[in-house]
Amino acid sequence: MPPAAEPSPRGAALTWAGCRRGAMAILAVLPPVFVFGVAFGIAARGHGLEGWVAALMSAVVFAGASQFAVLDLWTKPIPWLPLLVATFAINARHILLGASLRGLCRGLPAWKVYGSMALLSDLNWAALVAAERRGERDLGYLVGAGALMWVTWVTATVIGAVAGGLTLDDVKNYALDLVLVTFFATTLVGLRRGRVDDLPWLVAGLSAMAAVWFLPPNWHVLAGGLAGGIAGLVRDEMRRS
């Protein structure tokens, strides 16, 4: 956790107070994060990974979707190239998420910015963006939420790898796999600024759906994000013209 800092000249900051606000804001989604962490630990053991390897993967990678995708490719010998490509395809969205926070990070030292981005995920990004609309200017909001999610994810992975009793089918049967999606979707709706956002969102959604049908698995995330971003740029240029 980074030390407290004075606000930068341009208004951005990274403080303990911001970390506390972010941690409190993310509490509501920790139960499903915990369930998925346990499920990953169980699935990892089922694919032959040692418990410490599963825990290390959760601690270092900290990306549930790509970790589950890697399990399907985890064979001996390990196919490193397909594994790396799949991981990049899923996590490439973080490039776009990080770029969207550039203004909030401007003026902070590089080590604080890149250290904070190590804890970036869909959920704490969405929480920060929503808070930023309400006037939040503290990058600690992202760090506090991300740190609490990281601890929950790694702890749950260890429990799943050591114990048992929960399967991936249980996660789906109880619709727990929809909790995180519902949280993100409702947060996204709250970020809508009006009709100005409709075109990029529509393009992103249609592109992602098309990618699911025509591209290899997991590439729909990157395709939808890039298509929506390009649509937004074109819209802005047309409005300026």
# chains A, B, ... in the order shown; residues from 1 in each chain; ligands from 1
>>> residues_around(residues="A:Gly228", least_positions_apart="5", cutoff="6 Å", atoms="only C-alpha atoms", output="ChimeraX atom specification")
/A:200,203-204
>>> residues_around(residues="A:Ala86", least_positions_apart="6", cutoff="12 Å", atoms="only C-alpha atoms", output="list in words")
Ala65, Ser66, Gln67, Phe68, Ala69, Val70, Leu71, Asp72, Leu73, Trp74, Pro79, Trp80, Ala92, Pro216, Pro217, Asn218, Trp219, His220, Val221 and Leu222 of chain A
>>> closest_atom_pairs(of="stretch 67-126 of chain A", to="stretch 12-25 of chain A", cutoff="7 Å", atoms="only C-alpha atoms", output="JSON lines")
{"residue": "A:Leu104", "atom": "CA", "partner": "A:Ala12", "partner_atom": "CA", "distance": 5.7}
{"residue": "A:Cys105", "atom": "CA", "partner": "A:Ala12", "partner_atom": "CA", "distance": 6.2}
{"residue": "A:Arg106", "atom": "CA", "partner": "A:Ala12", "partner_atom": "CA", "distance": 6.8}
{"residue": "A:Gly107", "atom": "CA", "partner": "A:Ala12", "partner_atom": "CA", "distance": 6.8}
{"residue": "A:Leu108", "atom": "CA", "partner": "A:Ala12", "partner_atom": "CA", "distance": 6.9}
>>> residues_around(residues="A:Met149", least_positions_apart="2", cutoff="10 Å", atoms="only C-alpha atoms", output="MDAnalysis selection string")
chainID A and resid 23 26:27 29:30 33:34 62 119 121 123:124 143:147 151:155
>>> write_last_selection(atoms="all heavy atoms", output="compact mmCIF listing (two decimals), in the first residue's frame")
# COMPACT_ATOMS: atom_id res chain seq x y z
N ALA A 23 -11.79 0.77 -0.75
CA ALA A 23 -12.02 -0.52 -0.10
C ALA A 23 -13.46 -0.65 0.38
O ALA A 23 -14.09 -1.71 0.22
CB ALA A 23 -11.05 -0.68 1.08
N ILE A 26 -15.95 -1.34 -2.55
CA ILE A 26 -15.90 -2.63 -3.24
C ILE A 26 -16.39 -3.78 -2.36
O ILE A 26 -16.47 -4.93 -2.84
CB ILE A 26 -14.45 -2.91 -3.72
CG1 ILE A 26 -14.45 -3.76 -5.00
CG2 ILE A 26 -13.62 -3.57 -2.63
CD1 ILE A 26 -14.99 -3.05 -6.21
N LEU A 27 -16.73 -3.52 -1.12
CA LEU A 27 -17.14 -4.58 -0.20
C LEU A 27 -18.30 -5.40 -0.72
O LEU A 27 -18.36 -6.62 -0.51
CB LEU A 27 -17.51 -3.98 1.17
CG LEU A 27 -16.35 -3.52 2.07
CD1 LEU A 27 -16.90 -2.85 3.33
CD2 LEU A 27 -15.46 -4.70 2.43
N VAL A 29 -19.09 -6.49 -3.61
CA VAL A 29 -18.83 -7.52 -4.61
C VAL A 29 -17.79 -8.54 -4.17
O VAL A 29 -17.43 -9.43 -4.94
CB VAL A 29 -18.38 -6.89 -5.95
CG1 VAL A 29 -19.48 -6.02 -6.52
CG2 VAL A 29 -17.11 -6.10 -5.77
N LEU A 30 -17.31 -8.45 -2.94
CA LEU A 30 -16.31 -9.41 -2.47
C LEU A 30 -16.86 -10.84 -2.34
O LEU A 30 -16.12 -11.79 -2.63
CB LEU A 30 -15.72 -8.95 -1.14
CG LEU A 30 -14.82 -7.71 -1.20
CD1 LEU A 30 -14.20 -7.45 0.17
CD2 LEU A 30 -13.74 -7.85 -2.26
N VAL A 33 -16.56 -12.55 -5.66
CA VAL A 33 -15.14 -12.68 -5.96
C VAL A 33 -14.55 -13.85 -5.18
O VAL A 33 -13.77 -14.65 -5.72
CB VAL A 33 -14.38 -11.37 -5.62
CG1 VAL A 33 -12.87 -11.59 -5.69
CG2 VAL A 33 -14.80 -10.25 -6.55
N PHE A 34 -14.96 -13.98 -3.92
CA PHE A 34 -14.49 -15.08 -3.08
C PHE A 34 -14.94 -16.42 -3.65
O PHE A 34 -14.16 -17.38 -3.73
CB PHE A 34 -15.02 -14.90 -1.66
CG PHE A 34 -14.57 -15.98 -0.71
CD1 PHE A 34 -13.34 -15.90 -0.09
CD2 PHE A 34 -15.38 -17.08 -0.46
CE1 PHE A 34 -12.91 -16.90 0.79
CE2 PHE A 34 -14.97 -18.08 0.41
CZ PHE A 34 -13.73 -18.00 1.02
N PHE A 62 -3.62 -12.27 -11.11
CA PHE A 62 -4.76 -11.52 -10.59
C PHE A 62 -5.73 -11.15 -11.71
O PHE A 62 -6.07 -10.00 -11.93
CB PHE A 62 -4.27 -10.27 -9.85
CG PHE A 62 -5.38 -9.48 -9.19
CD1 PHE A 62 -6.36 -10.11 -8.44
CD2 PHE A 62 -5.42 -8.10 -9.31
CE1 PHE A 62 -7.37 -9.38 -7.84
CE2 PHE A 62 -6.43 -7.36 -8.69
CZ PHE A 62 -7.40 -8.00 -7.97
N LEU A 119 -2.99 -3.42 -9.81
CA LEU A 119 -4.19 -3.86 -9.13
C LEU A 119 -5.45 -3.55 -9.93
O LEU A 119 -6.57 -3.69 -9.43
CB LEU A 119 -4.30 -3.21 -7.75
CG LEU A 119 -3.23 -3.62 -6.73
CD1 LEU A 119 -3.29 -2.72 -5.51
CD2 LEU A 119 -3.42 -5.08 -6.33
N SER A 121 -8.54 -3.89 -12.28
CA SER A 121 -9.46 -4.94 -12.75
C SER A 121 -10.73 -4.26 -13.23
O SER A 121 -10.91 -3.04 -13.04
CB SER A 121 -9.78 -5.94 -11.63
OG SER A 121 -10.62 -5.35 -10.66
N LEU A 123 -13.74 -4.44 -12.07
CA LEU A 123 -14.63 -3.99 -11.02
C LEU A 123 -14.14 -2.71 -10.34
O LEU A 123 -14.92 -1.77 -10.15
CB LEU A 123 -14.81 -5.10 -9.98
CG LEU A 123 -15.45 -6.38 -10.51
CD1 LEU A 123 -15.58 -7.42 -9.40
CD2 LEU A 123 -16.82 -6.09 -11.12
N ASN A 124 -12.85 -2.67 -9.96
CA ASN A 124 -12.41 -1.44 -9.30
C ASN A 124 -12.24 -0.30 -10.31
O ASN A 124 -12.34 0.87 -9.94
CB ASN A 124 -11.14 -1.66 -8.47
CG ASN A 124 -9.96 -2.14 -9.28
OD1 ASN A 124 -10.09 -2.63 -10.41
ND2 ASN A 124 -8.77 -2.04 -8.71
N VAL A 143 -6.58 1.68 -5.79
CA VAL A 143 -5.64 0.85 -5.06
C VAL A 143 -6.32 0.14 -3.89
O VAL A 143 -6.15 -1.06 -3.68
CB VAL A 143 -4.45 1.68 -4.56
CG1 VAL A 143 -3.53 0.85 -3.68
CG2 VAL A 143 -3.68 2.25 -5.74
N GLY A 144 -7.11 0.88 -3.12
CA GLY A 144 -7.78 0.29 -1.97
C GLY A 144 -8.74 -0.81 -2.37
O GLY A 144 -8.75 -1.90 -1.77
N ALA A 145 -9.54 -0.55 -3.40
CA ALA A 145 -10.47 -1.57 -3.89
C ALA A 145 -9.73 -2.76 -4.46
O ALA A 145 -10.07 -3.92 -4.20
CB ALA A 145 -11.40 -0.96 -4.93
N GLY A 146 -8.68 -2.48 -5.25
CA GLY A 146 -7.92 -3.57 -5.87
C GLY A 146 -7.18 -4.42 -4.85
O GLY A 146 -7.12 -5.64 -4.97
N ALA A 147 -6.61 -3.79 -3.83
CA ALA A 147 -5.88 -4.54 -2.81
C ALA A 147 -6.80 -5.47 -2.04
O ALA A 147 -6.44 -6.63 -1.76
CB ALA A 147 -5.19 -3.56 -1.84
N VAL A 151 -6.49 -9.62 -2.04
CA VAL A 151 -6.42 -10.45 -0.84
C VAL A 151 -7.54 -11.49 -0.85
O VAL A 151 -7.32 -12.68 -0.54
CB VAL A 151 -6.50 -9.58 0.43
CG1 VAL A 151 -6.66 -10.44 1.68
CG2 VAL A 151 -5.25 -8.70 0.55
N THR A 152 -8.74 -11.07 -1.22
CA THR A 152 -9.88 -11.99 -1.26
C THR A 152 -9.66 -13.08 -2.30
O THR A 152 -9.92 -14.26 -2.04
CB THR A 152 -11.17 -11.21 -1.58
OG1 THR A 152 -11.37 -10.19 -0.61
CG2 THR A 152 -12.37 -12.13 -1.61
N TRP A 153 -9.17 -12.71 -3.46
CA TRP A 153 -8.97 -13.65 -4.56
C TRP A 153 -7.91 -14.70 -4.21
O TRP A 153 -8.11 -15.89 -4.43
CB TRP A 153 -8.59 -12.88 -5.81
CG TRP A 153 -8.32 -13.73 -7.02
CD1 TRP A 153 -7.11 -13.99 -7.59
CD2 TRP A 153 -9.29 -14.43 -7.80
NE1 TRP A 153 -7.25 -14.80 -8.67
CE2 TRP A 153 -8.58 -15.09 -8.84
CE3 TRP A 153 -10.66 -14.55 -7.74
CZ2 TRP A 153 -9.22 -15.87 -9.80
CZ3 TRP A 153 -11.31 -15.34 -8.69
CH2 TRP A 153 -10.59 -15.99 -9.70
N VAL A 154 -6.79 -14.25 -3.68
CA VAL A 154 -5.71 -15.18 -3.34
C VAL A 154 -6.12 -16.09 -2.19
O VAL A 154 -5.89 -17.31 -2.23
CB VAL A 154 -4.42 -14.41 -2.99
CG1 VAL A 154 -3.34 -15.37 -2.52
CG2 VAL A 154 -3.93 -13.60 -4.19
N THR A 155 -6.76 -15.53 -1.16
CA THR A 155 -7.21 -16.33 -0.03
C THR A 155 -8.20 -17.39 -0.48
O THR A 155 -8.12 -18.56 -0.07
CB THR A 155 -7.85 -15.44 1.05
OG1 THR A 155 -6.90 -14.46 1.48
CG2 THR A 155 -8.31 -16.25 2.24
